[in-house]
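This is input.csv (CSV, C-alpha atoms).
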```csv
chain,number,residue,atom,x,y,z
A,1,MET,CA,-38.4,3.5,19.3
A,2,LYS,CA,-38.8,7.1,20.6
A,3,PHE,CA,-36.8,9.0,23.2
A,4,LEU,CA,-35.8,12.5,24.3
A,5,ILE,CA,-32.2,13.0,25.3
A,6,LYS,CA,-29.9,15.9,26.2
A,7,LYS,CA,-27.5,16.8,23.4
A,8,GLU,CA,-24.4,16.6,25.7
A,9,GLU,CA,-25.4,13.2,27.0
A,10,PHE,CA,-26.0,11.9,23.5
A,11,LEU,CA,-22.7,13.3,22.2
A,12,LYS,CA,-20.8,11.7,25.1
A,13,GLY,CA,-22.0,8.3,24.2
A,14,LEU,CA,-21.6,8.7,20.4
A,15,SER,CA,-18.0,10.1,20.8
A,16,ARG,CA,-16.9,7.1,22.8
A,17,VAL,CA,-17.8,4.7,20.0
A,18,GLN,CA,-16.3,6.6,17.0
A,19,SER,CA,-13.0,4.7,16.9
A,20,VAL,CA,-14.7,1.3,17.7
A,21,ALA,CA,-17.2,1.3,14.9
A,22,ASP,CA,-15.3,0.0,11.9
A,23,ARG,CA,-15.9,2.0,8.7
A,24,ARG,CA,-13.6,-0.1,6.5
A,25,ASN,CA,-15.2,-3.5,7.3
A,26,THR,CA,-17.0,-5.5,4.7
A,27,MET,CA,-20.0,-5.8,7.0
A,28,PRO,CA,-21.9,-2.5,6.7
A,29,VAL,CA,-23.6,-2.9,10.1
A,30,LEU,CA,-20.2,-2.7,11.9
A,31,SER,CA,-19.9,0.9,10.9
A,32,ASN,CA,-23.1,1.6,12.7
A,33,ALA,CA,-23.9,2.1,16.4
A,34,LEU,CA,-26.7,0.2,17.9
A,35,ILE,CA,-29.1,2.6,19.6
A,36,GLU,CA,-31.7,0.8,21.8
A,37,THR,CA,-33.8,1.5,24.8
A,38,VAL,CA,-33.1,-0.1,28.1
A,39,GLU,CA,-35.7,-2.4,29.7
A,40,GLY,CA,-37.7,-0.7,32.3
A,41,GLY,CA,-37.3,2.7,30.8
A,42,GLY,CA,-33.8,3.3,32.3
A,43,GLY,CA,-32.5,5.3,29.3
A,44,ILE,CA,-30.8,4.1,26.1
A,45,ALA,CA,-27.8,2.0,25.4
A,46,ILE,CA,-25.3,2.8,22.6
A,47,THR,CA,-23.2,-0.1,21.4
A,48,ALA,CA,-20.4,-0.4,18.8
A,49,THR,CA,-18.1,-3.3,17.8
A,50,ASP,CA,-15.6,-4.2,15.1
A,51,LEU,CA,-15.8,-7.9,16.2
A,52,GLU,CA,-12.5,-7.5,18.1
A,53,ILE,CA,-13.6,-4.7,20.6
A,54,GLY,CA,-17.2,-4.2,21.8
A,55,LEU,CA,-18.2,-1.1,23.8
A,56,LYS,CA,-21.6,-0.5,25.4
A,57,GLY,CA,-22.8,2.4,27.5
A,58,VAL,CA,-26.1,3.3,29.1
A,59,TYR,CA,-27.2,7.0,29.0
A,60,GLN,CA,-30.0,9.0,30.6
A,61,ALA,CA,-33.0,9.6,28.3
A,62,GLU,CA,-36.8,9.9,28.5
A,63,VAL,CA,-38.1,6.8,26.7
A,64,THR,CA,-41.7,6.9,25.4
A,65,GLU,CA,-41.5,4.0,23.0
A,66,PRO,CA,-39.1,1.0,23.3
A,67,GLY,CA,-37.1,-0.4,20.4
A,68,GLY,CA,-33.8,-0.1,18.6
A,69,VAL,CA,-32.1,0.6,15.4
A,70,THR,CA,-28.5,0.8,14.1
A,71,LEU,CA,-27.3,4.0,12.5
A,72,SER,CA,-24.1,5.3,11.0
A,73,ALA,CA,-21.9,6.1,14.1
A,74,ARG,CA,-19.9,8.8,12.3
A,75,LYS,CA,-22.9,10.5,10.5
A,76,LEU,CA,-25.1,10.4,13.7
A,77,PHE,CA,-22.3,12.0,15.7
A,78,GLU,CA,-21.8,14.7,13.1
A,79,ILE,CA,-25.5,15.5,13.0
A,80,VAL,CA,-25.9,15.6,16.8
A,81,ARG,CA,-22.8,17.8,17.2
A,82,GLU,CA,-24.4,20.4,14.9
A,83,LEU,CA,-27.9,20.4,16.4
A,84,PRO,CA,-29.1,23.9,17.6
A,85,GLU,CA,-30.9,23.0,20.8
A,86,GLU,CA,-30.0,21.0,23.9
A,87,ASP,CA,-33.0,18.7,23.7
A,88,VAL,CA,-32.8,16.0,21.0
A,89,SER,CA,-35.7,13.8,19.9
A,90,VAL,CA,-35.0,10.5,18.2
A,91,GLU,CA,-37.6,8.3,16.6
A,92,SER,CA,-37.2,5.2,14.5
A,93,ALA,CA,-39.8,3.5,12.3
A,94,GLU,CA,-40.3,-0.2,11.4
A,95,ASN,CA,-38.4,0.3,8.1
A,96,ASN,CA,-35.3,1.4,10.1
A,97,TRP,CA,-35.5,5.0,9.1
A,98,ALA,CA,-34.7,7.4,11.9
A,99,THR,CA,-35.8,10.9,12.5
A,100,ILE,CA,-33.7,13.3,14.6
A,101,ARG,CA,-35.2,16.6,15.7
A,102,SER,CA,-33.8,19.5,17.6
A,103,GLY,CA,-35.4,23.0,17.6
A,104,LYS,CA,-36.4,23.6,14.0
A,105,ALA,CA,-33.9,21.2,12.6
A,106,THR,CA,-35.0,17.8,11.3
A,107,PHE,CA,-32.9,15.0,9.9
A,108,LYS,CA,-34.2,11.7,8.4
A,109,PHE,CA,-31.8,9.0,7.4
A,110,THR,CA,-31.8,5.2,7.0
A,111,GLY,CA,-30.2,2.6,9.3
A,112,LEU,CA,-30.2,-1.2,9.6
A,113,ALA,CA,-32.2,-3.6,11.7
A,114,ARG,CA,-30.8,-4.2,15.2
A,115,GLU,CA,-31.2,-7.9,14.6
A,116,GLU,CA,-28.2,-7.7,12.2
A,117,PHE,CA,-26.0,-6.3,14.9
A,118,PRO,CA,-23.6,-8.8,16.5
A,119,THR,CA,-24.2,-9.7,20.1
A,120,LEU,CA,-21.4,-8.8,22.5
A,121,PRO,CA,-20.0,-11.6,24.7
A,122,GLU,CA,-21.4,-11.3,28.2
A,123,MET,CA,-19.0,-13.7,29.9
A,124,GLU,CA,-21.6,-15.0,32.3
A,125,GLY,CA,-20.1,-16.4,35.5
A,126,ALA,CA,-16.9,-14.5,35.0
A,127,GLU,CA,-15.1,-13.5,38.2
A,128,PHE,CA,-14.8,-9.7,38.2
A,129,VAL,CA,-12.1,-8.1,40.4
A,130,PRO,CA,-11.7,-4.4,41.3
A,131,VAL,CA,-8.7,-2.6,40.0
A,132,ASP,CA,-7.7,1.0,40.8
A,133,PRO,CA,-8.5,3.0,37.5
A,134,LEU,CA,-5.4,5.2,38.0
A,135,LEU,CA,-3.3,2.1,38.4
A,136,MET,CA,-4.6,0.5,35.2
A,137,HIS,CA,-4.2,3.8,33.4
A,138,GLU,CA,-0.5,3.9,34.5
A,139,LEU,CA,0.1,0.3,33.4
A,140,ILE,CA,-1.2,1.0,29.9
A,141,ARG,CA,0.4,4.5,29.5
A,142,LYS,CA,3.9,3.3,30.5
A,143,THR,CA,3.9,0.2,28.2
A,144,ILE,CA,1.7,0.8,25.2
A,145,PHE,CA,4.2,3.0,23.3
A,146,ALA,CA,6.6,0.1,23.1
A,147,ALA,CA,4.2,-2.4,21.6
A,148,GLY,CA,4.4,-3.2,17.9
A,149,ASP,CA,2.4,-1.7,15.0
A,150,ASN,CA,1.3,-4.1,12.3
A,151,ASP,CA,4.3,-6.3,13.3
A,152,THR,CA,4.5,-9.6,11.3
A,153,ARG,CA,4.9,-11.2,14.7
A,154,TYR,CA,1.3,-10.6,15.6
A,155,VAL,CA,1.6,-11.2,19.3
A,156,LEU,CA,3.8,-8.1,19.5
A,157,ASN,CA,0.8,-5.9,18.3
A,158,GLY,CA,-0.5,-6.1,21.9
A,159,ILE,CA,0.5,-5.5,25.5
A,160,TYR,CA,1.1,-8.6,27.6
A,161,MET,CA,-0.6,-8.8,31.0
A,162,VAL,CA,0.5,-11.2,33.7
A,163,ILE,CA,-1.6,-11.6,36.8
A,164,SER,CA,0.2,-13.3,39.8
A,165,ALA,CA,-0.9,-14.2,43.2
A,166,LEU,CA,0.7,-12.6,46.3
A,167,ASP,CA,0.4,-13.3,50.0
A,168,SER,CA,-1.9,-10.4,50.2
A,169,GLY,CA,-3.7,-9.4,47.0
A,170,SER,CA,-2.3,-9.8,43.5
A,171,GLN,CA,0.3,-8.4,41.1
A,172,ILE,CA,-0.4,-7.1,37.6
A,173,GLU,CA,2.6,-6.9,35.2
A,174,MET,CA,2.2,-5.2,31.9
A,175,VAL,CA,4.7,-5.5,29.0
A,176,GLY,CA,5.1,-3.9,25.6
A,177,THR,CA,7.8,-4.6,23.0
A,178,ASP,CA,8.3,-4.3,19.3
A,179,GLY,CA,11.6,-6.2,19.3
A,180,HIS,CA,13.7,-3.0,19.3
A,181,ARG,CA,12.5,-1.7,22.7
A,182,LEU,CA,10.7,-2.9,25.7
A,183,ALA,CA,8.7,-1.4,28.6
A,184,VAL,CA,7.7,-3.4,31.7
A,185,LEU,CA,5.8,-2.3,34.8
A,186,LYS,CA,4.6,-4.2,37.9
A,187,ARG,CA,1.9,-3.0,40.2
A,188,LYS,CA,0.2,-4.6,43.2
A,189,ILE,CA,-3.6,-4.6,43.7
A,190,SER,CA,-5.4,-5.5,46.9
A,191,ALA,CA,-7.9,-7.9,45.3
A,192,LYS,CA,-7.3,-11.6,45.0
A,193,ALA,CA,-7.3,-12.2,41.3
A,194,ALA,CA,-7.0,-15.6,39.6
A,195,PRO,CA,-3.5,-15.9,38.1
A,196,GLY,CA,-3.4,-15.8,34.3
A,197,THR,CA,-2.0,-14.1,31.2
A,198,ALA,CA,-3.5,-12.2,28.3
A,199,ILE,CA,-2.2,-10.4,25.2
A,200,ILE,CA,-4.5,-7.3,24.9
A,201,PRO,CA,-4.6,-5.8,21.4
A,202,LYS,CA,-3.0,-2.3,21.2
A,203,LYS,CA,-6.2,-0.7,19.9
A,204,SER,CA,-8.2,-2.2,22.8
A,205,ALA,CA,-5.7,-0.9,25.3
A,206,SER,CA,-5.8,2.5,23.7
A,207,GLU,CA,-9.6,2.6,23.8
A,208,LEU,CA,-9.5,1.6,27.5
A,209,LYS,CA,-7.0,4.3,28.3
A,210,LYS,CA,-9.2,6.9,26.6
A,211,LEU,CA,-12.1,5.8,28.8
A,212,LEU,CA,-10.0,6.0,31.9
A,213,ASP,CA,-8.9,9.5,30.9
A,214,GLU,CA,-12.4,10.6,31.6
A,215,GLY,CA,-11.7,10.1,35.3
A,216,GLU,CA,-14.0,7.1,36.1
A,217,THR,CA,-13.6,6.1,39.7
A,218,GLU,CA,-14.6,2.4,39.5
A,219,LEU,CA,-13.1,-0.3,37.3
A,220,MET,CA,-13.9,-4.0,37.4
A,221,MET,CA,-12.0,-6.6,35.3
A,222,ALA,CA,-12.7,-10.2,34.3
A,223,LEU,CA,-10.4,-12.5,32.2
A,224,SER,CA,-11.3,-15.6,30.3
A,225,LYS,CA,-9.5,-17.8,27.8
A,226,ASN,CA,-10.4,-15.6,24.8
A,227,HIS,CA,-11.7,-12.3,26.1
A,228,ILE,CA,-11.1,-9.7,28.7
A,229,VAL,CA,-13.9,-7.5,30.0
A,230,PHE,CA,-13.8,-4.1,31.7
A,231,ARG,CA,-16.7,-2.4,33.5
A,232,LEU,CA,-16.4,1.3,34.2
A,233,GLY,CA,-19.5,2.5,35.9
A,234,SER,CA,-22.3,2.1,33.2
A,235,LEU,CA,-19.7,1.2,30.5
A,236,TYR,CA,-19.1,-2.3,29.4
A,237,MET,CA,-16.0,-3.0,27.2
A,238,VAL,CA,-15.1,-6.5,26.0
A,239,THR,CA,-12.1,-7.3,23.7
A,240,ARG,CA,-10.9,-10.5,22.0
A,241,LEU,CA,-7.4,-11.4,23.1
A,242,ILE,CA,-4.5,-12.1,20.7
A,243,GLU,CA,-3.7,-15.8,20.5
A,244,GLY,CA,-0.1,-17.0,20.6
A,245,ASN,CA,2.9,-17.2,22.8
A,246,TYR,CA,4.4,-14.0,24.0
A,247,PRO,CA,8.3,-14.0,23.8
A,248,ASN,CA,10.4,-14.4,26.9
A,249,TYR,CA,10.8,-10.7,27.6
A,250,GLU,CA,12.7,-11.2,30.9
A,251,GLN,CA,15.8,-12.6,29.1
A,252,VAL,CA,16.0,-9.3,27.1
A,253,ILE,CA,16.5,-7.2,30.3
A,254,PRO,CA,20.2,-7.0,30.9
A,255,THR,CA,21.5,-8.0,34.3
A,256,THR,CA,25.2,-7.0,33.9
A,257,ASN,CA,25.0,-3.4,32.9
A,258,ASP,CA,27.5,-1.6,35.2
A,259,LYS,CA,27.8,1.9,33.8
A,260,SER,CA,25.2,4.1,35.6
A,261,VAL,CA,24.3,7.6,34.3
A,262,SER,CA,21.9,9.9,36.1
A,263,VAL,CA,20.5,12.9,34.2
A,264,GLU,CA,17.8,15.5,34.6
A,265,LYS,CA,14.9,14.3,32.5
A,266,ALA,CA,13.9,17.8,31.2
A,267,LEU,CA,17.4,18.6,30.0
A,268,PHE,CA,17.9,15.3,28.4
A,269,THR,CA,14.5,15.4,26.6
A,270,SER,CA,15.0,18.9,25.2
A,271,ALA,CA,18.6,18.2,24.0
A,272,LEU,CA,17.5,14.9,22.3
A,273,ARG,CA,14.7,16.8,20.5
A,274,ARG,CA,17.0,19.4,19.2
A,275,VAL,CA,19.8,17.1,18.1
A,276,SER,CA,17.5,14.6,16.5
A,277,LEU,CA,16.2,17.4,14.1
A,278,LEU,CA,19.2,16.7,11.9
A,279,SER,CA,19.3,13.0,12.2
A,280,ARG,CA,18.4,10.7,9.4
A,281,GLU,CA,14.6,10.5,9.1
A,282,ARG,CA,14.5,6.8,8.7
A,283,THR,CA,16.6,5.9,11.7
A,284,ASN,CA,16.5,8.9,14.0
A,285,ALA,CA,20.0,7.9,15.0
A,286,VAL,CA,21.7,10.0,17.7
A,287,LYS,CA,25.2,9.2,19.2
A,288,PHE,CA,25.5,9.3,22.9
A,289,ALA,CA,29.1,10.0,24.1
A,290,LEU,CA,29.7,9.7,27.8
A,291,SER,CA,32.7,11.0,29.7
A,292,SER,CA,33.2,12.3,33.3
A,293,GLU,CA,30.3,14.4,34.4
A,294,LYS,CA,29.0,15.2,30.8
A,295,ALA,CA,27.4,13.6,27.8
A,296,ALA,CA,27.6,14.8,24.2
A,297,LEU,CA,24.7,14.2,21.9
A,298,THR,CA,25.5,14.3,18.1
A,299,SER,CA,23.6,13.5,14.9
A,300,GLN,CA,24.7,13.5,11.3
A,301,ASN,CA,22.8,13.6,8.0
A,302,PRO,CA,24.9,13.8,4.8
A,303,GLU,CA,22.0,15.6,3.0
A,304,MET,CA,21.4,18.3,5.7
A,305,GLY,CA,24.3,18.6,8.2
A,306,GLU,CA,25.1,17.8,11.8
A,307,ALA,CA,24.1,18.8,15.3
A,308,ARG,CA,25.9,18.5,18.7
A,309,GLU,CA,24.9,19.4,22.3
A,310,GLU,CA,26.5,18.7,25.6
A,311,LEU,CA,24.6,18.3,28.9
A,312,PRO,CA,25.7,17.7,32.5
A,313,VAL,CA,25.3,14.2,33.9
A,314,GLU,CA,26.3,12.2,37.0
A,315,TYR,CA,28.8,9.7,35.6
A,316,ALA,CA,32.2,8.6,36.7
A,317,GLY,CA,32.9,5.5,34.6
A,318,GLN,CA,35.0,4.9,31.5
A,319,GLU,CA,34.3,6.9,28.3
A,320,ILE,CA,31.8,5.2,26.0
A,321,GLU,CA,30.0,6.0,22.8
A,322,VAL,CA,26.7,4.3,21.8
A,323,GLY,CA,24.0,5.1,19.3
A,324,PHE,CA,20.2,5.1,19.8
A,325,ASN,CA,17.0,5.8,18.0
A,326,ALA,CA,16.1,9.2,19.5
A,327,LYS,CA,12.4,8.5,19.2
A,328,TYR,CA,12.7,5.4,21.3
A,329,LEU,CA,14.5,7.3,24.0
A,330,LEU,CA,12.0,10.2,23.9
A,331,ASP,CA,9.0,7.9,24.1
A,332,ALA,CA,10.4,6.3,27.2
A,333,LEU,CA,11.3,9.6,28.8
A,334,SER,CA,7.8,11.0,28.1
A,335,VAL,CA,6.2,8.5,30.5
A,336,MET,CA,8.7,8.9,33.3
A,337,ASP,CA,7.3,10.7,36.3
A,338,GLN,CA,10.4,11.7,38.2
A,339,ASP,CA,12.7,14.7,37.5
A,340,ARG,CA,15.8,12.5,37.1
A,341,VAL,CA,16.2,9.3,35.2
A,342,SER,CA,18.9,6.7,35.2
A,343,LEU,CA,20.6,4.9,32.2
A,344,LEU,CA,22.4,1.6,32.8
A,345,LEU,CA,24.9,0.8,30.0
A,346,LYS,CA,27.4,-2.0,29.4
A,347,ASP,CA,29.0,-1.3,26.0
A,348,ASN,CA,28.0,0.0,22.5
A,349,LEU,CA,26.4,-3.3,21.5
A,350,SER,CA,24.3,-4.1,24.5
A,351,PRO,CA,20.8,-2.9,25.4
A,352,CYS,CA,20.4,0.1,27.7
A,353,ILE,CA,18.0,0.2,30.7
A,354,ILE,CA,16.2,3.4,31.4
A,355,SER,CA,14.5,3.8,34.8
A,356,GLN,CA,13.5,6.6,37.2
A,357,ALA,CA,14.6,7.3,40.7
A,358,GLY,CA,13.1,4.8,43.1
A,359,GLY,CA,11.4,3.1,40.1
A,360,GLU,CA,12.5,-0.5,40.4
A,361,SER,CA,9.1,-1.8,39.3
A,362,TYR,CA,9.4,0.1,35.9
A,363,LYS,CA,12.0,-0.5,33.3
A,364,CYS,CA,12.5,0.5,29.7
A,365,VAL,CA,15.0,-1.3,27.5
A,366,VAL,CA,16.3,0.2,24.2
A,367,MET,CA,18.5,-1.6,21.7
A,368,PRO,CA,21.6,0.3,20.5
A,369,MET,CA,22.3,1.3,16.9
A,370,ARG,CA,25.4,1.6,14.9
A,371,VAL,CA,26.1,5.2,14.1
```

How does the structure come out when it is put into structure tokens?
Amino acid sequence: MKFLIKKEEFLKGLSRVQSVADRRNTMPVLSNALIETVEGGGGIAITATDLEIGLKGVYQAEVTEPGGVTLSARKLFEIVRELPEEDVSVESAENNWATIRSGKATFKFTGLAREEFPTLPEMEGAEFVPVDPLLMHELIRKTIFAAGDNDTRYVLNGIYMVISALDSGSQIEMVGTDGHRLAVLKRKISAKAAPGTAIIPKKSASELKKLLDEGETELMMALSKNHIVFRLGSLYMVTRLIEGNYPNYEQVIPTTNDKSVSVEKALFTSALRRVSLLSRERTNAVKFALSSEKAALTSQNPEMGEAREELPVEYAGQEIEVGFNAKYLLDALSVMDQDRVSLLLKDNLSPCIISQAGGESYKCVVMPMRV
């Protein structure tokens, strides 16, 4: 294999696969990226997988000799990043050694045969539907923070996607929960998609969000029993779905909360940040005391001290005190797009609903704490 590629183009492809290539896996080839030429001389393809996520992208290059090799994704990225010139020459030999040249710099290092690299599922015959990239980005951004991390209930380590049919188009609902908080968002798409459900691993959703951050204008999605595939221009991403039954999240969303509080998001966020500085590190507990037209936020830490701050709110109900994990509130507030947010409360033992003005399709639920 031999090709010439621009440093910026090569770096773009290698940077995308850094967090997909698995350095801790017992299979050495999974820490490598597969570099291979595209049939017909259409450039090169860079692929990485950890057997859960697979990512493949095609990049412009001048190919003079077809072939392929797998090389350390991390080390190759580090080398290319430091090369002195914009033109990069890559050549591999039959013994899987690769030579990287740029200007007067030359690097030679060993790789593994491309035959050892796992093949990504192609999902032939799958029905791809177009989805607005900005819509998918919003669905992930507003739910992924609530999904579990290494939860013993493995299904909570992903975000739950429900596709429903509508009279015109379809609806995508995305849910994230770790058992202490929940975020759910519904959005309509114009395409007719087959109804179905999927639990997308948190890492996979995070990788997709990073790709969408690049501003890709085209996104296609296909769902099967065990995998979900996304196509973003010349990128192909496939991920294995989490098996299991997702909990009935709808029954967690309160329907009888009658105490409504409206507050300016920026004021609430900054006050929460300050007061939580003296909360217990393990619990981040902050007490929220409501009375007519004001709220008092307090925290106590026997080892450090206490903090208190008042802020104006729109509230005319009975006085109530309830405790929350400040981090959970801040995470929810950080993805709200409006200047004011609403809190719906019932009592100090019931979950709180956080939403934004005119945002019926998006809700965050946070469980209370004893403080």

At a cut-off of 7 Å, using only C-alpha atoms, what residues contact Ser299 (chain A)? Leave out same-chain residues fewer than 6 positions from it and give the result as an MDAnalysis selection string.
chainID A and resid 275:276 278:279 285:287 306:308

Serialized selection, C-alpha atoms, as a compact mmCIF listing (two decimals), keeping the file's coordinate frame:
```
# COMPACT_ATOMS: atom_id res chain seq x y z
CA VAL A 275 19.80 17.10 18.10
CA SER A 276 17.50 14.60 16.50
CA LEU A 278 19.20 16.70 11.90
CA SER A 279 19.30 13.00 12.20
CA ALA A 285 20.00 7.90 15.00
CA VAL A 286 21.70 10.00 17.70
CA LYS A 287 25.20 9.20 19.20
CA GLU A 306 25.10 17.80 11.80
CA ALA A 307 24.10 18.80 15.30
CA ARG A 308 25.90 18.50 18.70
```

Take every atom of region 176-184 of chain A listed in the file, pad by 5 Å on each side, and give me the axis-aligned box centre and edge lengths in Å, one decimal, as lines of an AutoDock Vina configuration file.
```
center_x = 9.4
center_y = -3.8
center_z = 25.5
size_x = 18.6
size_y = 14.8
size_z = 22.4
```

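Picture a line from CA of Arg81 (chain A) to CA of Ala33 (chain A); it runs 15.8 Å.
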
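With all atoms listed in the file as the atoms that count, the minimum distance from Lys203 (chain A) to the choices A:Met136, A:Ile46, A:Ile35, A:Leu241 is reached by A:Leu241.
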
State, in Å with one decimal place, the distance from CA of Leu349 (chain A) to CA of Met304 (chain A).
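Between CA of Leu349 (chain A) and CA of Met304 (chain A) the gap is 27.2 Å.
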
Which residues, protein or nucleic acid, reach to within 9 Å of (-4.7, 3.5, 33.3) in the file's coordinates when using only C-alpha atoms, and can you give that as a PyMOL selection string?
chain A and resi 132-141+208-213

How would the residues just picked look written out with C-alpha atoms as a PDB file, keeping the file's coordinate frame?
```pdb
ATOM      1  CA  ASP A 132      -7.700   1.000  40.800  1.00  0.00           C
ATOM      2  CA  PRO A 133      -8.500   3.000  37.500  1.00  0.00           C
ATOM      3  CA  LEU A 134      -5.400   5.200  38.000  1.00  0.00           C
ATOM      4  CA  LEU A 135      -3.300   2.100  38.400  1.00  0.00           C
ATOM      5  CA  MET A 136      -4.600   0.500  35.200  1.00  0.00           C
ATOM      6  CA  HIS A 137      -4.200   3.800  33.400  1.00  0.00           C
ATOM      7  CA  GLU A 138      -0.500   3.900  34.500  1.00  0.00           C
ATOM      8  CA  LEU A 139       0.100   0.300  33.400  1.00  0.00           C
ATOM      9  CA  ILE A 140      -1.200   1.000  29.900  1.00  0.00           C
ATOM     10  CA  ARG A 141       0.400   4.500  29.500  1.00  0.00           C
ATOM     11  CA  LEU A 208      -9.500   1.600  27.500  1.00  0.00           C
ATOM     12  CA  LYS A 209      -7.000   4.300  28.300  1.00  0.00           C
ATOM     13  CA  LYS A 210      -9.200   6.900  26.600  1.00  0.00           C
ATOM     14  CA  LEU A 211     -12.100   5.800  28.800  1.00  0.00           C
ATOM     15  CA  LEU A 212     -10.000   6.000  31.900  1.00  0.00           C
ATOM     16  CA  ASP A 213      -8.900   9.500  30.900  1.00  0.00           C
TER      17      ASP A 213
END
```

Spatial neighbours of region 13-25 of chain A, 6 Å, only C-alpha atoms, chain gap at least 3 places, as a list of chain:residue names
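So, after excluding close chain neighbours, the residues are A:Phe10, A:Leu30, A:Ser31, A:Ala48, A:Thr49, A:Asp50, A:Phe77.
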
Let me make sure I understand: among A:Met174, A:Ile100, A:Gly54, A:Ala222, which one has the smallest atom-to-atom distance to Pro130 (chain A) if we use only C-alpha atoms?
A:Ala222

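Atom to atom, CA of Gly125 (chain A) and CA of Met237 (chain A) stand 16.3 Å apart.
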
Would you mind listing what lies within 10 Å of region 230-236 of chain A as a PDB file with C-alpha atoms, keeping the file's coordinate frame, with only C-alpha atoms counted and same-chain residues fewer than 2 positions away left out?
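Once everything was written out, this is result26.pdb:
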```
ATOM      1  CA  GLY A  13     -22.000   8.300  24.200  1.00  0.00           C
ATOM      2  CA  ALA A  45     -27.800   2.000  25.400  1.00  0.00           C
ATOM      3  CA  ILE A  46     -25.300   2.800  22.600  1.00  0.00           C
ATOM      4  CA  THR A  47     -23.200  -0.100  21.400  1.00  0.00           C
ATOM      5  CA  GLY A  54     -17.200  -4.200  21.800  1.00  0.00           C
ATOM      6  CA  LEU A  55     -18.200  -1.100  23.800  1.00  0.00           C
ATOM      7  CA  LYS A  56     -21.600  -0.500  25.400  1.00  0.00           C
ATOM      8  CA  GLY A  57     -22.800   2.400  27.500  1.00  0.00           C
ATOM      9  CA  VAL A  58     -26.100   3.300  29.100  1.00  0.00           C
ATOM     10  CA  TYR A  59     -27.200   7.000  29.000  1.00  0.00           C
ATOM     11  CA  LEU A 120     -21.400  -8.800  22.500  1.00  0.00           C
ATOM     12  CA  GLU A 122     -21.400 -11.300  28.200  1.00  0.00           C
ATOM     13  CA  PHE A 128     -14.800  -9.700  38.200  1.00  0.00           C
ATOM     14  CA  VAL A 129     -12.100  -8.100  40.400  1.00  0.00           C
ATOM     15  CA  PRO A 130     -11.700  -4.400  41.300  1.00  0.00           C
ATOM     16  CA  VAL A 131      -8.700  -2.600  40.000  1.00  0.00           C
ATOM     17  CA  PRO A 133      -8.500   3.000  37.500  1.00  0.00           C
ATOM     18  CA  LEU A 208      -9.500   1.600  27.500  1.00  0.00           C
ATOM     19  CA  LEU A 211     -12.100   5.800  28.800  1.00  0.00           C
ATOM     20  CA  LEU A 212     -10.000   6.000  31.900  1.00  0.00           C
ATOM     21  CA  GLU A 216     -14.000   7.100  36.100  1.00  0.00           C
ATOM     22  CA  THR A 217     -13.600   6.100  39.700  1.00  0.00           C
ATOM     23  CA  GLU A 218     -14.600   2.400  39.500  1.00  0.00           C
ATOM     24  CA  LEU A 219     -13.100  -0.300  37.300  1.00  0.00           C
ATOM     25  CA  MET A 220     -13.900  -4.000  37.400  1.00  0.00           C
ATOM     26  CA  MET A 221     -12.000  -6.600  35.300  1.00  0.00           C
ATOM     27  CA  ALA A 222     -12.700 -10.200  34.300  1.00  0.00           C
ATOM     28  CA  LEU A 223     -10.400 -12.500  32.200  1.00  0.00           C
ATOM     29  CA  ILE A 228     -11.100  -9.700  28.700  1.00  0.00           C
ATOM     30  CA  VAL A 238     -15.100  -6.500  26.000  1.00  0.00           C
ATOM     31  CA  THR A 239     -12.100  -7.300  23.700  1.00  0.00           C
TER      32      THR A 239
END
```

With all atoms listed in the file as the basis for distance, which of A:Phe107, A:Ser89, A:Leu34, A:Ile353 is at the shortest distance from Ser72 (chain A)?
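Ranked by minimum distance to Ser72 (chain A), first place goes to A:Leu34.
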
Smallest atom-to-atom distance to Ile159 (chain A): which of A:Ser206, A:Asn257, A:Gln318, A:Thr269, using only C-alpha atoms?
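Once distances to Ile159 (chain A) are computed over only C-alpha atoms, the minimum belongs to A:Ser206.
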
Within-12 Å shell of (-37.0, 5.2, 18.7) in input frame, all atoms listed in the file, as an NGL selection string:
:A and (1-5 or 34-38 or 43-45 or 61-71 or 88-101 or 111 or 114)

The residue from A:Leu166, A:Ala147, A:Ala126, A:Cys352 with the smallest atom-to-atom distance to Ala183 (chain A), counting all atoms listed in the file, is A:Ala147

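If you measure from each of A:Ile242, A:Met123, A:Val261, A:Leu156 to Arg181 (chain A) using only C-alpha atoms, the closest one turns out to be A:Leu156.
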